[in-house]
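This report concerns only the one structure given below.
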Amino acid sequence: TRIEKAGYKHFMAKEIAEQPVVIADALKRYVQNGALHLPAEVDFTAVDRLTMVACGTASYACHVAKYWFEQIAGLPVEIDIASEFRYREPPLSPKQWALFVSQSGETADTLAALRYTRDKVAKIVAVVNVPTSSIAREADLALPIMAGIEVGVASTKAFSCQLTTLALLALKAAQDRGRLTPESLAQHLSDLAAIPGLMNHALALSTPIAAIAEELAEAQDVLFLGRGAMFPLALEGALKLKEISYIHAEGYASGELKHGPIALIDNRVPVIVLAPRDPLFEKTVSNMQEVMARHGKVLLISDAQGVAEAGSDCWKTITMPQVSDAFAPILYAIPAQLLAYHTAIAKGTDVDQPRNLAKSVTVE
Ligand code: G6P
């Protein structure tokens, strides 16, 4: 099949816009008649630990999912980037599972890491976009993320579909481990079902985000901050921005700001704070105030309540729709992606084919 831009200027823009549809596809595949519908082999009853391995954007999806597996399912998770995992000789338990996340299913380091775990773990699970890929074929079980072909080198819809699939896996783990009442499972599933519709609202923020990006394009360095599951999203936001706009960006856990990056803050450094009005909001706001006290330019991305409570002294704000606390990272991927996209457009870089990067890295 020939993939076209379908009226969009770039594949990346098209793939960002497709997210409500492809996330709904993933939910349709793995949720049926109001219940989780995963292959029978996905039974976490006897699993004592999960090791997740990936590269790049896929590894940040793992870091978000760790919050879900640990908080909702009480299942300990450790994560490694594949290039480190494969040589570290990590001890593995025969009761644990190893989970490999890869859009292409062909990343050499991730494939080598998978091979390292063979015969050392109870099950090797692949969460992939390409169901015929090497990683899918070599795993005991492959779960497709349903994103459809992704052409833009900077991953967007694959990331949110990885998150959606991993969220459903975490719910299955919670169910198998007796951590979820039927009511709270139903609540989580309805929270996930709401995401595609909320994403349509978030996509409508493209124009105001483009206006902010015009100014962001002037920056030399940008910091992204988040707490809880928004921390790995801050890492992903920074990765997206540096990949396609070539602006130096770093993601940090909000609470870690004072242990180093605060030294960078002055009135030329935009600080992008990803902070829905959740139970951690006030902590993040106090970190944000430390930035503003040093004349940092804060862009607060929050919901209406968060912006009303803390947005007044910010450089800019983006008001997102209200979303469940647990699954906010899936929705907040949209403004992170749109900021990177529009900043790259403002700088005139090649959005779909950024310099020095490849869509799939099949060499070590
Ligand atoms: C490359 C791409 C990234 C991607 C990473 C992992 O570096 O440019 O966008 O996140 O590989 O790729 P995978 O196909 O394994 O998810």
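Residue numbers start at 1 in each chain; chains themselves are named A, B, ... in the order of the structure tokens; ligands are numbered from 1 in the order shown.
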What lies within 9 Å of Leu300 of chain A using only C-alpha atoms, ignoring chain neighbours under 4 positions off, as a list of chain:residue names? A:Val271, A:Ile272, A:Val273, A:Leu274, A:Ala275, A:Met288, A:Gly306, A:Val307, A:Ala310, A:Gly311, A:Cys314, A:Trp315, A:Lys316, A:Thr317, A:Ile318, A:Thr319
Residue subset to file, keeping N, CA and C atoms, as a short mmCIF file (atom, residue, chain, number, x, y, z; two decimals), in the first residue's frame:
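So the final result, stored in again_33.cif, reads:
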```cif
data_model
loop_
_atom_site.label_atom_id
_atom_site.label_comp_id
_atom_site.auth_asym_id
_atom_site.auth_seq_id
_atom_site.Cartn_x
_atom_site.Cartn_y
_atom_site.Cartn_z
N VAL A 271 10.74 27.00 29.93
CA VAL A 271 10.55 25.79 30.72
C VAL A 271 9.11 25.34 30.52
N ILE A 272 8.96 24.16 29.94
CA ILE A 272 7.62 23.66 29.61
C ILE A 272 7.20 22.70 30.70
N VAL A 273 6.13 23.06 31.41
CA VAL A 273 5.69 22.29 32.57
C VAL A 273 4.42 21.52 32.20
N LEU A 274 4.52 20.20 32.24
CA LEU A 274 3.38 19.32 31.91
C LEU A 274 2.72 18.94 33.22
N ALA A 275 1.59 19.55 33.52
CA ALA A 275 1.04 19.38 34.88
C ALA A 275 -0.48 19.46 34.91
N MET A 288 7.69 25.11 39.70
CA MET A 288 7.49 26.09 38.65
C MET A 288 7.78 27.50 39.17
N GLY A 306 -6.13 23.87 36.57
CA GLY A 306 -4.71 24.10 36.80
C GLY A 306 -4.27 25.46 36.28
N VAL A 307 -4.73 25.82 35.09
CA VAL A 307 -4.35 27.12 34.51
C VAL A 307 -4.95 28.25 35.35
N ALA A 310 -2.78 28.41 38.67
CA ALA A 310 -1.34 28.66 38.66
C ALA A 310 -0.82 29.35 37.41
N GLY A 311 -1.72 29.68 36.49
CA GLY A 311 -1.24 30.16 35.20
C GLY A 311 -0.93 31.65 35.11
N CYS A 314 2.61 32.94 34.39
CA CYS A 314 3.37 32.17 33.40
C CYS A 314 3.60 32.98 32.13
N TRP A 315 4.64 32.61 31.40
CA TRP A 315 4.93 33.22 30.10
C TRP A 315 3.78 32.89 29.13
N LYS A 316 3.40 31.61 29.09
CA LYS A 316 2.30 31.15 28.24
C LYS A 316 1.59 30.02 28.97
N THR A 317 0.35 29.79 28.55
CA THR A 317 -0.36 28.61 29.06
C THR A 317 -1.07 27.91 27.89
N ILE A 318 -1.25 26.62 28.04
CA ILE A 318 -2.08 25.84 27.11
C ILE A 318 -3.10 25.11 27.98
N THR A 319 -4.38 25.33 27.67
CA THR A 319 -5.44 24.71 28.48
C THR A 319 -5.96 23.46 27.80
#
```
So that each row is one residue of chain A with an atom at most 6 Å from ligand 1, can you give its shortest atom pair and the distance in Å to one decimal, using only C-alpha atoms and all ligand atoms, rows by chain and rising number, as a tab-separated table?
```
residue	atom	partner	partner_atom_place_in_ligand_line	distance
A:Cys55	CA	ligand 1	6 (C)	4.6
A:Gly56	CA	ligand 1	10 (O)	3.9
A:Thr57	CA	ligand 1	10 (O)	3.8
A:Ala58	CA	ligand 1	16 (O)	5.0
A:Ser102	CA	ligand 1	16 (O)	3.4
A:Gln103	CA	ligand 1	16 (O)	3.6
A:Ser104	CA	ligand 1	14 (O)	3.5
A:Gly105	CA	ligand 1	14 (O)	5.5
A:Thr107	CA	ligand 1	15 (O)	4.6
A:Val153	CA	ligand 1	8 (O)	5.2
A:Ala154	CA	ligand 1	9 (O)	4.6
A:Ser155	CA	ligand 1	9 (O)	4.6
A:Leu357	CA	ligand 1	8 (O)	5.6
A:Ala358	CA	ligand 1	8 (O)	5.0
A:Lys359	CA	ligand 1	8 (O)	4.4
A:Ser360	CA	ligand 1	1 (C)	5.0
A:Val361	CA	ligand 1	11 (O)	5.6
```
Selected residues, C-alpha atoms, written as a short mmCIF file (atom, residue, chain, number, x, y, z; two decimals), in the first residue's frame, please.
```
data_model
loop_
_atom_site.label_atom_id
_atom_site.label_comp_id
_atom_site.auth_asym_id
_atom_site.auth_seq_id
_atom_site.Cartn_x
_atom_site.Cartn_y
_atom_site.Cartn_z
CA CYS A 55 15.04 2.36 22.51
CA GLY A 56 14.13 6.00 21.97
CA THR A 57 10.47 6.97 22.10
CA ALA A 58 9.44 3.36 22.78
CA SER A 102 9.35 -1.35 19.28
CA GLN A 103 7.50 0.49 16.54
CA SER A 104 9.43 -1.12 13.70
CA GLY A 105 10.16 -4.42 15.42
CA THR A 107 15.75 -2.20 16.04
CA VAL A 153 10.98 9.57 11.54
CA ALA A 154 9.89 11.18 14.81
CA SER A 155 7.44 8.74 16.34
CA LEU A 357 18.25 10.15 12.10
CA ALA A 358 16.74 6.95 10.70
CA LYS A 359 13.24 5.61 11.14
CA SER A 360 14.53 2.21 12.06
CA VAL A 361 18.05 1.55 13.34
#
```
Output as a tab-separated table one row per residue of segment 64-163 of chain A within 12 Å of segment 24-34 of chain A: the closest atom pair and its distance in Å to one decimal place, counting only C-alpha atoms, sorted by chain and residue number ascending.
```
residue	atom	partner	partner_atom	distance
A:Val127	CA	A:Ala26	CA	11.8
A:Val128	CA	A:Ala26	CA	11.9
A:Asn129	CA	A:Ala26	CA	10.8
A:Leu143	CA	A:Tyr30	CA	9.5
A:Pro144	CA	A:Ala26	CA	8.3
A:Ile145	CA	A:Ala26	CA	6.0
A:Met146	CA	A:Ala26	CA	5.4
A:Ala147	CA	A:Ala26	CA	7.7
A:Gly148	CA	A:Asp25	CA	9.7
A:Lys157	CA	A:Ala26	CA	11.3
A:Ala158	CA	A:Ala26	CA	10.8
A:Ser160	CA	A:Ala26	CA	10.0
A:Cys161	CA	A:Ala26	CA	6.8
A:Gln162	CA	A:Ala26	CA	9.2
A:Leu163	CA	A:Ala26	CA	10.2
```
Pick out the closest residue to Glu250 of chain A from this set: A:Thr164, A:Lys66, A:Glu84, A:Ala238. Count only C-alpha atoms.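 Selected residue with least distance to Glu250 of chain A: A:Ala238.
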Can you measure atom CA of Tyr252 of chain A to atom CA of Pro232 of chain A for me? One decimal in Å is fine.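 Atom CA of Pro232 of chain A lies 8.3 Å from atom CA of Tyr252 of chain A.
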Could you tell me, as a PyMOL selection string, which residues of segment 101-246 of chain A DSSP assigns to alpha helix (DSSP H) when given the backbone? chain A and resi 108-117+134-138+157-176+182-203+206-216+230-245
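With distances restricted to only C-alpha atoms, A:Ala170 is the closest residue to Ala73 of chain A from A:Val121, A:Val42, A:Ala170, A:Glu4.
Using only C-alpha atoms for every distance, the candidate list A:Phe100, A:His295, A:Ala65, A:Ile209 yields A:Ala65 as the residue closest to Phe231 of chain A.
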Shell around segment 215-224 of chain A at 9 Å using only C-alpha atoms, local window under 6 positions removed, as an MDAnalysis selection string: chainID A and resid 231 233:235 237:238 241 245 247:254 261 264 268:274 339 342:347
Surrounding residues of Val291 of chain A excluding itself and chain neighbours under 4 positions, 9 Å, only C-alpha atoms, as an NGL selection string: :A and (257 or 262 or 265-266 or 271 or 286-287 or 295-298)
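Distances to Met230 of chain A were evaluated for A:Ala54, A:Leu169, A:Val64, A:Ile301 using only C-alpha atoms, and the minimum falls at A:Val64.
Among A:Arg88, A:Asp176, A:Glu15, A:Trp68, the residue with the shortest atom-to-atom distance to Asp48 of chain A, counting only C-alpha atoms, is A:Asp176.
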Considering only C-alpha atoms, state which residue in the set A:Tyr116, A:Tyr60, A:Phe69, A:Tyr246 is at the smallest distance from Thr349 of chain A.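 Among A:Tyr116, A:Tyr60, A:Phe69, A:Tyr246, it is A:Tyr246 that comes nearest to Thr349 of chain A.
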note - atom CA of Ala186 of chain A and atom CA of Pro279 of chain A are separated by 21.7 Å
Which neighbours of Leu280 of chain A fall inside 10 Å, counting only C-alpha atoms, when residues of the same chain fewer than 6 positions from it are skipped, and could you give them as a PyMOL selection string? chain A and resi 226-228+325
Any chance you can output those residues with C-alpha atoms as a PDB file, in the first residue's frame?
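Once everything was written out, this is result.pdb:
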```
ATOM      1  CA  GLY A 226       6.852  16.711  34.834  1.00  0.00           C
ATOM      2  CA  ARG A 227       6.094  14.679  37.939  1.00  0.00           C
ATOM      3  CA  GLY A 228       4.811  11.118  38.231  1.00  0.00           C
ATOM      4  CA  ASP A 325      -5.180  11.317  36.317  1.00  0.00           C
TER       5      ASP A 325
END
```
When you draw a straight line from atom CA of Lys172 of chain A to atom CA of Leu92 of chain A, how long is it in Å? 22.3 Å
